[in-house]
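**Student:** The structure follows.
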Amino acid sequence: MISNRSRRSWLICTGVMLFLAVMALSGCTSNKTSDSSGKGENASAQQTATGKKLIMAYTWKPSGVDPHGDNSWDVMRSGAGETLVRLNEKLEPVAWLAKEWKQDSPTVWTFSLQDKVTFHDGKSMDAAGVKASLLRSIEKSHLAKDLLNVKSIDVSGPLALKITTNQPNAALVSNLADPSTIVLDVASMKDEQSYPAMTGAFKIKAFNKDQSLVVERYDGYWGEKARLAEATMKFITDGNSRLMALQSGEVDVATDIPVDNAEVLKKNDKLQVLSAPSLRTHMIVYNMESPVFKDAANRKVVDSLIPRTSIVSAVMRGFGTEASSPFPSILPFGKVERKALGGTAEQLLTKDGWQKDAQGTWTKQGKPFEVTLLTFPQRPELSVMAEVIQSQLLKEGIQVKIRKVENIDEALTKNDWDFAMYSMLTAHTGEPQYFMDMFYSSKSEANVSQYSSKPLESILNSLKLAKDTAQRNAVTLQALDIINADLPQSFIVHPDNVFGVKKGVEGFTPHPIEYYYITAQSDITE
């Protein structure tokens with residue numbers, strides 16, 4: 001997912017200040033110290049003699065806790081993992097495990113590391129340990145490999161690293177904020193059952209597959225100590241179940257709550273709704289090997305029939321904006337328009353050899369325009385969108401069979417689908433390269449549409465070589481022209497981040513990039 005995923009260019013449109021305004025209204029971080037007196041104890045947030053405990057209803061079911069792989073975002077969200085660089089609310093890279101950095105040449109960067117940092121197993125973090133961790137992440141994670149594009153990593157001092165890339169990579173510093181590059185003690189990963197020794201304010205206490213991830217305060221943490229003694233991420237993939245867990249008091253925080261229930265939570269004086277604009281895009285991905293959708297004309301017809309306006313109002317309840325590209329319009333490279341269809345859907349289908357039968361269904365060479373649409377439960381609004389789209393296409397003579405799957409990424413590796421609902425942070429670093437490389441490079445394992453375009457790949461290569469923000473934005477717009485012409489995806493809506501939080505929970509603020517959930521500042525005050 002990304003990321004990331006997402007998960008980083010540095011200058012973005014001043015419109016991102018809208019994020020800050022919304023988040024300031026949503027909630028603020030508490031400066032109160034931890035209270036372990038036990039006052040206000042309840043079933044979900046037990047404040048015992050050992051400190052406060054928070055329980056979160058979490059959307060996904062990670063398969064493990066190794067951060068150098070598919071579960072990196074989950075580990076980052078638990079507060080146990082840290083990267084060399086962190087992204088602030090403006091999506092700017094700021095120091096974290098790296099204290100400072102400088103670019104020595106177009107392909108060479110030097111990083112100075114924080115001192116007095118220890119891993120969860122007590123070992124001191126040094127340049128050699130960080131090098132070993134980064135090399136492991138590159139080996140284990142195709143995302144890290146693609147994002148960093150490293151030629152070599154050299155230890156130039158006890159707390160100094162020199163990273164050389166294969167070609168100029170202006171986004172390197174921001175890319176080092178991606179959770180796939182979480183720093184760990186490589187020696188702690190003895191086998192698949194081992195818990196990684198990382199550097200975060202929390203360390204992993206227990207991982208119960210398909211049930212929960214429990215982290216506890218790491219007393220040897222190099223920064224501000226965690227205010228919570230323990231935090232649990234309960235894996236509840238169904239949105240309504242997460243909502244009920246919050247309403248019943250079983251959990252203190254619920255991620256990705258169904259937007260149609262936001263008003264219900266607002267009426268509960270014990271709960272609050274936190275929301276902020278995100279850099280996520282809800283979309284449809286087409287299977288370019290599908291007998292129907294390998295034809296661009298058919299993709300364009302379906303795209304033209306998606307009722308985006310009613311989806312924003314009726315499905316998203318106003319918690320989002322219509323999408324015309326992978327990137328929100330608040331970003332300088334997101335200001336694009338969807339290309340006109342060049343006629344009505346009926347005219348285009350007729351021109352392409354389709355005919356309507358007696359039942360009003362489009363057919364071609366005796367076969368109906370019938371397609372399978374995948375959806376998944378973790379983001380319930382996507383399933384509702386799927387039904388709206390199904391109904392709209394049926395009115396136009398296109399039959400859609402909806403199939404719900406538990407693991408959308410696994411389902412997309414097979415070839416028994418035509419199109420699928422999908423959701424991704426497309427610019428969670430404030431820059432486009434991550435998403436572009438993942439979704440449109442023919443070499444990328446994350447290119448779920450199996451889309452290939454030599455002209456686009458040429459532009460993506462030039463994007464990596466762009467010397468400044470203005471040039472990168474201009475190149476990105478060129479790439480979007482090709483994407484919106486070929487339509488390997490249909491971009492539907494840019495949703496807001498919406499969470500349900502029990503009143504008294506502090507230090508939990510929606511962040512556009514979505515992977516800083518549990519932090520040292522997370523607290524329960526009542």
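Lettering and numbering for the structure tokens are positional, with chains as A, B, ... in the shown order, residues counted from 1 in each chain, and ligands counted from 1 in the shown order.
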Based on the backbone DSSP call, show me all residues of stretch 20-215 of chain A assigned alpha helix (DSSP H), as a ChimeraX atom specification.

**Tutor:** /A:20-26,72-77,127-140,142-148,172-175

**Student:** Could you save the residues just selected, with C-alpha atoms, as a PDB file, in the first residue's frame?

**Tutor:**
ATOM      1  CA  LEU A  20      -2.980  22.521   8.731  1.00  0.00           C
ATOM      2  CA  ALA A  21      -6.144  24.550   9.077  1.00  0.00           C
ATOM      3  CA  VAL A  22      -8.342  21.467   9.036  1.00  0.00           C
ATOM      4  CA  MET A  23      -6.107  19.532  11.379  1.00  0.00           C
ATOM      5  CA  ALA A  24      -5.968  22.450  13.793  1.00  0.00           C
ATOM      6  CA  LEU A  25      -9.741  22.298  13.973  1.00  0.00           C
ATOM      7  CA  SER A  26      -9.699  18.511  14.256  1.00  0.00           C
ATOM      8  CA  SER A  72       6.356  -1.704   6.799  1.00  0.00           C
ATOM      9  CA  TRP A  73       3.457   0.743   7.082  1.00  0.00           C
ATOM     10  CA  ASP A  74       1.842  -1.273   9.868  1.00  0.00           C
ATOM     11  CA  VAL A  75       5.068  -1.316  11.867  1.00  0.00           C
ATOM     12  CA  MET A  76       5.562   2.427  11.380  1.00  0.00           C
ATOM     13  CA  ARG A  77       2.002   3.123  12.520  1.00  0.00           C
ATOM     14  CA  ALA A 127      26.664   4.046  10.815  1.00  0.00           C
ATOM     15  CA  ALA A 128      27.621   0.400  10.257  1.00  0.00           C
ATOM     16  CA  GLY A 129      24.315  -0.751  11.746  1.00  0.00           C
ATOM     17  CA  VAL A 130      22.290   1.680   9.643  1.00  0.00           C
ATOM     18  CA  LYS A 131      24.163   0.605   6.512  1.00  0.00           C
ATOM     19  CA  ALA A 132      23.365  -3.053   7.233  1.00  0.00           C
ATOM     20  CA  SER A 133      19.710  -2.161   7.808  1.00  0.00           C
ATOM     21  CA  LEU A 134      19.402  -0.156   4.593  1.00  0.00           C
ATOM     22  CA  LEU A 135      21.051  -2.909   2.574  1.00  0.00           C
ATOM     23  CA  ARG A 136      18.630  -5.410   4.079  1.00  0.00           C
ATOM     24  CA  SER A 137      15.646  -3.197   3.242  1.00  0.00           C
ATOM     25  CA  ILE A 138      16.861  -2.894  -0.354  1.00  0.00           C
ATOM     26  CA  GLU A 139      17.233  -6.674  -0.540  1.00  0.00           C
ATOM     27  CA  LYS A 140      13.868  -7.467   1.044  1.00  0.00           C
ATOM     28  CA  HIS A 142      11.279  -3.815  -3.972  1.00  0.00           C
ATOM     29  CA  LEU A 143       9.873  -0.459  -2.839  1.00  0.00           C
ATOM     30  CA  ALA A 144      13.060   0.472  -1.018  1.00  0.00           C
ATOM     31  CA  LYS A 145      15.119  -0.747  -3.951  1.00  0.00           C
ATOM     32  CA  ASP A 146      13.145   1.348  -6.430  1.00  0.00           C
ATOM     33  CA  LEU A 147      12.917   4.426  -4.231  1.00  0.00           C
ATOM     34  CA  LEU A 148      16.573   4.637  -3.269  1.00  0.00           C
ATOM     35  CA  LEU A 172      16.332  10.597  -2.176  1.00  0.00           C
ATOM     36  CA  VAL A 173      16.072  12.410   1.155  1.00  0.00           C
ATOM     37  CA  SER A 174      12.273  12.358   1.126  1.00  0.00           C
ATOM     38  CA  ASN A 175      12.274   8.730  -0.030  1.00  0.00           C
TER      39      ASN A 175
END

**Student:** For stretch 393-409 of chain A, please output as a PDB file with N, CA and C atoms, in the first residue's frame all residues within 6 Å (counting only C-alpha atoms; exclusion window: fewer than 2 positions along the same chain).

**Tutor:**
ATOM      1  N   GLY A 360     -31.089  -4.623 -24.211  1.00  0.00           N
ATOM      2  CA  GLY A 360     -30.406  -3.364 -23.970  1.00  0.00           C
ATOM      3  C   GLY A 360     -28.966  -3.520 -23.535  1.00  0.00           C
ATOM      4  N   THR A 361     -28.398  -4.720 -23.659  1.00  0.00           N
ATOM      5  CA  THR A 361     -27.007  -4.977 -23.280  1.00  0.00           C
ATOM      6  C   THR A 361     -26.110  -4.855 -24.497  1.00  0.00           C
ATOM      7  N   TRP A 362     -24.993  -4.199 -24.329  1.00  0.00           N
ATOM      8  CA  TRP A 362     -24.031  -4.082 -25.424  1.00  0.00           C
ATOM      9  C   TRP A 362     -23.366  -5.435 -25.674  1.00  0.00           C
ATOM     10  N   PHE A 369     -21.010  -7.121 -23.095  1.00  0.00           N
ATOM     11  CA  PHE A 369     -20.063  -6.262 -22.370  1.00  0.00           C
ATOM     12  C   PHE A 369     -20.296  -6.568 -20.893  1.00  0.00           C
ATOM     13  N   GLU A 370     -19.599  -7.597 -20.427  1.00  0.00           N
ATOM     14  CA  GLU A 370     -19.774  -8.076 -19.055  1.00  0.00           C
ATOM     15  C   GLU A 370     -18.404  -8.155 -18.388  1.00  0.00           C
ATOM     16  N   VAL A 371     -18.257  -7.524 -17.245  1.00  0.00           N
ATOM     17  CA  VAL A 371     -16.949  -7.431 -16.598  1.00  0.00           C
ATOM     18  C   VAL A 371     -17.070  -7.699 -15.097  1.00  0.00           C
ATOM     19  N   THR A 372     -15.950  -8.157 -14.508  1.00  0.00           N
ATOM     20  CA  THR A 372     -15.889  -8.443 -13.073  1.00  0.00           C
ATOM     21  C   THR A 372     -15.134  -7.338 -12.363  1.00  0.00           C
ATOM     22  N   LEU A 373     -15.769  -6.782 -11.330  1.00  0.00           N
ATOM     23  CA  LEU A 373     -15.203  -5.693 -10.551  1.00  0.00           C
ATOM     24  C   LEU A 373     -14.873  -6.188  -9.144  1.00  0.00           C
ATOM     25  N   LEU A 374     -13.609  -6.065  -8.748  1.00  0.00           N
ATOM     26  CA  LEU A 374     -13.191  -6.467  -7.410  1.00  0.00           C
ATOM     27  C   LEU A 374     -13.334  -5.311  -6.424  1.00  0.00           C
ATOM     28  N   THR A 375     -13.675  -5.631  -5.201  1.00  0.00           N
ATOM     29  CA  THR A 375     -13.652  -4.656  -4.119  1.00  0.00           C
ATOM     30  C   THR A 375     -13.248  -5.383  -2.847  1.00  0.00           C
ATOM     31  N   PHE A 376     -13.030  -4.631  -1.763  1.00  0.00           N
ATOM     32  CA  PHE A 376     -12.508  -5.239  -0.533  1.00  0.00           C
ATOM     33  C   PHE A 376     -13.063  -4.488   0.674  1.00  0.00           C
ATOM     34  N   GLN A 390     -21.701   0.034 -10.572  1.00  0.00           N
ATOM     35  CA  GLN A 390     -22.399  -1.103 -11.169  1.00  0.00           C
ATOM     36  C   GLN A 390     -23.780  -0.698 -11.659  1.00  0.00           C
ATOM     37  N   SER A 391     -24.505   0.045 -10.825  1.00  0.00           N
ATOM     38  CA  SER A 391     -25.867   0.473 -11.187  1.00  0.00           C
ATOM     39  C   SER A 391     -25.844   1.419 -12.380  1.00  0.00           C
ATOM     40  N   ALA A 411      -5.275 -10.534  -4.662  1.00  0.00           N
ATOM     41  CA  ALA A 411      -6.230 -10.837  -5.737  1.00  0.00           C
ATOM     42  C   ALA A 411      -5.775 -10.243  -7.066  1.00  0.00           C
ATOM     43  N   LEU A 412      -5.123  -9.101  -7.016  1.00  0.00           N
ATOM     44  CA  LEU A 412      -4.697  -8.445  -8.255  1.00  0.00           C
ATOM     45  C   LEU A 412      -3.528  -9.145  -8.924  1.00  0.00           C
TER      46      LEU A 412
END

**Student:** For a quick check of understanding, using only C-alpha atoms, which of A:Ile182, A:Gln167, A:Lys234, A:Phe111 has the smallest distance to A:Pro62?

**Tutor:** A:Lys234

**Student:** Considering only C-alpha atoms, return as a count of residues only whatever protein or nucleic-acid residues lie within 10 Å of stretch 247-257 of chain A, sequence-local ones (same chain, fewer than 3 positions apart) excluded.

**Tutor:** 54

**Student:** So, counting only C-alpha atoms, which residue among A:Thr281, A:Ser522, A:Thr199, A:Ser78 is closest to A:Lys123?

**Tutor:**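 So, comparing all the options, the nearest one is A:Thr199.
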
**Student:** Work out how far atom CA of A:Glu322 is from atom CA of A:Gly343, in Å to one decimal.

**Tutor:** 21.8 Å

**Student:** Which residue gives the smallest distance to A:Ala177 among A:Glu82, A:Asp219, A:Asp191, A:Asp70, with only C-alpha atoms counted?

**Tutor:** A:Glu82

**Student:** From a DSSP pass on the backbone, collect the residues of stretch 341-476 of chain A flagged as strand (DSSP E or B) and hand them back as a list in words.

**Tutor:**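 Answer for stretch 341-476 of chain A restricted to strand (DSSP E or B) is Gln355, Lys356, Trp362, Thr363, Lys364, Lys367, Pro368, Glu370, Val371, Thr372, Leu373, Leu374, Thr375, Gln399, Val400, Lys401, Ile402, Arg403, Lys404, Phe419, Ala420, Met421, Tyr422, Ser423, Met424 and Leu425 of chain A.
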
**Student:** What are the closest atom pairs, with distances in Å to one decimal, for all residues of stretch 373-443 of chain A lying within 12 Å of stretch 460-472 of chain A? Consider only C-alpha atoms, order rows by chain and residue number, and present the result as a tab-separated table.

**Tutor:**
residue	atom	partner	partner_atom	distance
A:Gly430	CA	A:Thr469	CA	10.8
A:Glu431	CA	A:Arg472	CA	8.6
A:Pro432	CA	A:Arg472	CA	8.7
A:Gln433	CA	A:Leu463	CA	7.3
A:Tyr434	CA	A:Lys464	CA	10.3
A:Phe435	CA	A:Leu460	CA	10.7
A:Met436	CA	A:Leu460	CA	7.2
A:Asp437	CA	A:Leu460	CA	7.2
A:Met438	CA	A:Leu460	CA	10.8
A:Phe439	CA	A:Leu460	CA	11.1
A:Tyr440	CA	A:Leu460	CA	8.6
A:Ser441	CA	A:Leu460	CA	8.1
A:Ser442	CA	A:Leu460	CA	11.3
